[in-house]
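Chemist: Structure below; questions to follow.
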Amino acid sequence: MEAIVLAGGLGTRLAARLSGVPKAMAPVAGRPFLEILLNQVARAGCGRVLLSVGHLRGVIQDYFGASFRGMKVDYAVEEAPLGTGGAIRFALRQTRDDVALVLNGDTFLDADYAAMMRIHAGAGAALTMAVARQEDIARYGGVVVEAGRVVNFEEKGRTGPGWINAGAYVLQTDLAWPANLPEKFSFERDFLAPEIDRVVPAAYEVEGFFLDIGVPEDLDRAQTELVGY
């Protein structure tokens, strides 16, 4: 099992709190947030992880080096920001397996990623998306799930309960990308949304805890909510 973790974010909204470290390395409960994510993928049986890095990448490379908890650690280095989509496409070129788990480096999902890999294997889909149940989707925007597939996206602003894109995916490494995509693009806005009818991702439904550390108040929540992970 291979995993890609997108760890190149600038963390603009957290600038006053980061003190010279990239967003994925924000201190959470006494350790870098990225360490919590790598603990998850190690528990899922991952043998190799590709860290997609750019901004302040030396901090990440110095901390994790070439291995972590028995996993080989390699780096997909962005010389210029590529956006989430560009970063995923770039990192996939360095994978060795037919499928890869992909995680955002600023979100936590209490999920069984080994189970997600198994669901993907049985779904016959090029892409599986983790969707998390939220009591209010207004901040994130929603996804519409029908018969185990993601069939549409909902704009931010609608209040009430629903499913959201939890920022975790399993992708076939030979995923077909539209020819007109630029080098830098958003995975959700520029690829998933316009290609939803063609790709029709399988949905991995998660009722567990979800947290995006990209805003100060949720980074504060993480200090207590993620103790023990």
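Residues in the structure tokens are numbered from 1 in each chain, the chains being A, B, ... in the order shown, and ligands are numbered from 1 in the order shown.
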Write out as JSON, numbers by chain each polymer residue whose atoms come within 12 Å of segment 93-102 of chain A, counting only C-alpha atoms; drop sequence neighbours fewer than 6 positions from it.
Modeler: {"A": [1, 2, 3, 4, 5, 6, 7, 37, 38, 40, 41, 42, 44, 45, 46, 47, 48, 49, 50, 51, 52, 73, 74, 75, 76, 77, 84, 85, 86, 87, 112, 113, 114, 115, 116, 117, 118, 120, 121, 125, 126, 127, 128, 129, 130, 166, 167, 168, 169, 170, 171, 172, 173, 174, 175, 187]}
Chemist: Can you tell me, as a count of residues only, what residues are no more than 7 Å from segment 143-148 of chain A when counting only C-alpha atoms, ignoring any on the same chain fewer than 3 positions away?
Modeler: 9
Chemist: In terms of the shortest atom-to-atom distance over only C-alpha atoms, which of A:Lys72, A:Arg133, A:Lys23, A:Lys184 is closest to His55 of chain A?
Modeler: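 For His55 of chain A, the nearest of the given residues is A:Lys23.
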Chemist: Atom CA of Thr107 of chain A and atom CA of Ile88 of chain A are how many Å apart?
Modeler: 15.7 Å
Chemist: In Å, with one decimal, what is the gap from atom CA of Ile137 of chain A to atom CA of Arg31 of chain A?
Modeler: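 So the answer is 29.0 Å.
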Chemist: I'd like to know which of A:Ala179, A:Leu109, A:Val53, A:Val131 is closest to Gly83 of chain A, using only C-alpha atoms.
Modeler: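 Looking only at the distances to Gly83 of chain A, the closest residue turns out to be A:Val53.
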Chemist: Can you tell me, as a list in words, which residues in segment 35-93 of chain A count as alpha helix (DSSP H) by DSSP?
Modeler: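 Reading the DSSP output for segment 35-93 of chain A, alpha helix (DSSP H) covers Glu35, Ile36, Leu37, Leu38, Asn39, Gln40, Val41, Ala42, Arg43, Arg57, Gly58, Val59, Ile60, Gln61, Asp62, Tyr63, Phe64, Gly83, Thr84, Gly85, Gly86, Ala87, Ile88, Arg89, Phe90, Ala91 and Leu92 of chain A.
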Chemist: Kindly give the distance, in Å, that separates atom CA of Gly105 of chain A and atom CA of Glu225 of chain A, rounded to a single decimal.
Modeler: 17.0 Å
Chemist: A:Leu10, A:Ala26, A:Ala193, A:Ala138: which is nearest Ala80 of chain A, counting only C-alpha atoms?
Modeler: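 Of A:Leu10, A:Ala26, A:Ala193, A:Ala138, the one nearest Ala80 of chain A is A:Leu10, counting only C-alpha atoms.
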Chemist: I'd like to know which of A:Asp190, A:Glu135, A:Asp62, A:Glu35 is closest to Leu226 of chain A, using only C-alpha atoms.
Modeler: A:Glu35
Chemist: Between A:Tyr63, A:Phe185, A:Phe210, A:Phe68, which has the minimum distance to Arg43 of chain A (counting only C-alpha atoms)?
Modeler: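 Looking only at the distances to Arg43 of chain A, the closest residue turns out to be A:Phe68.
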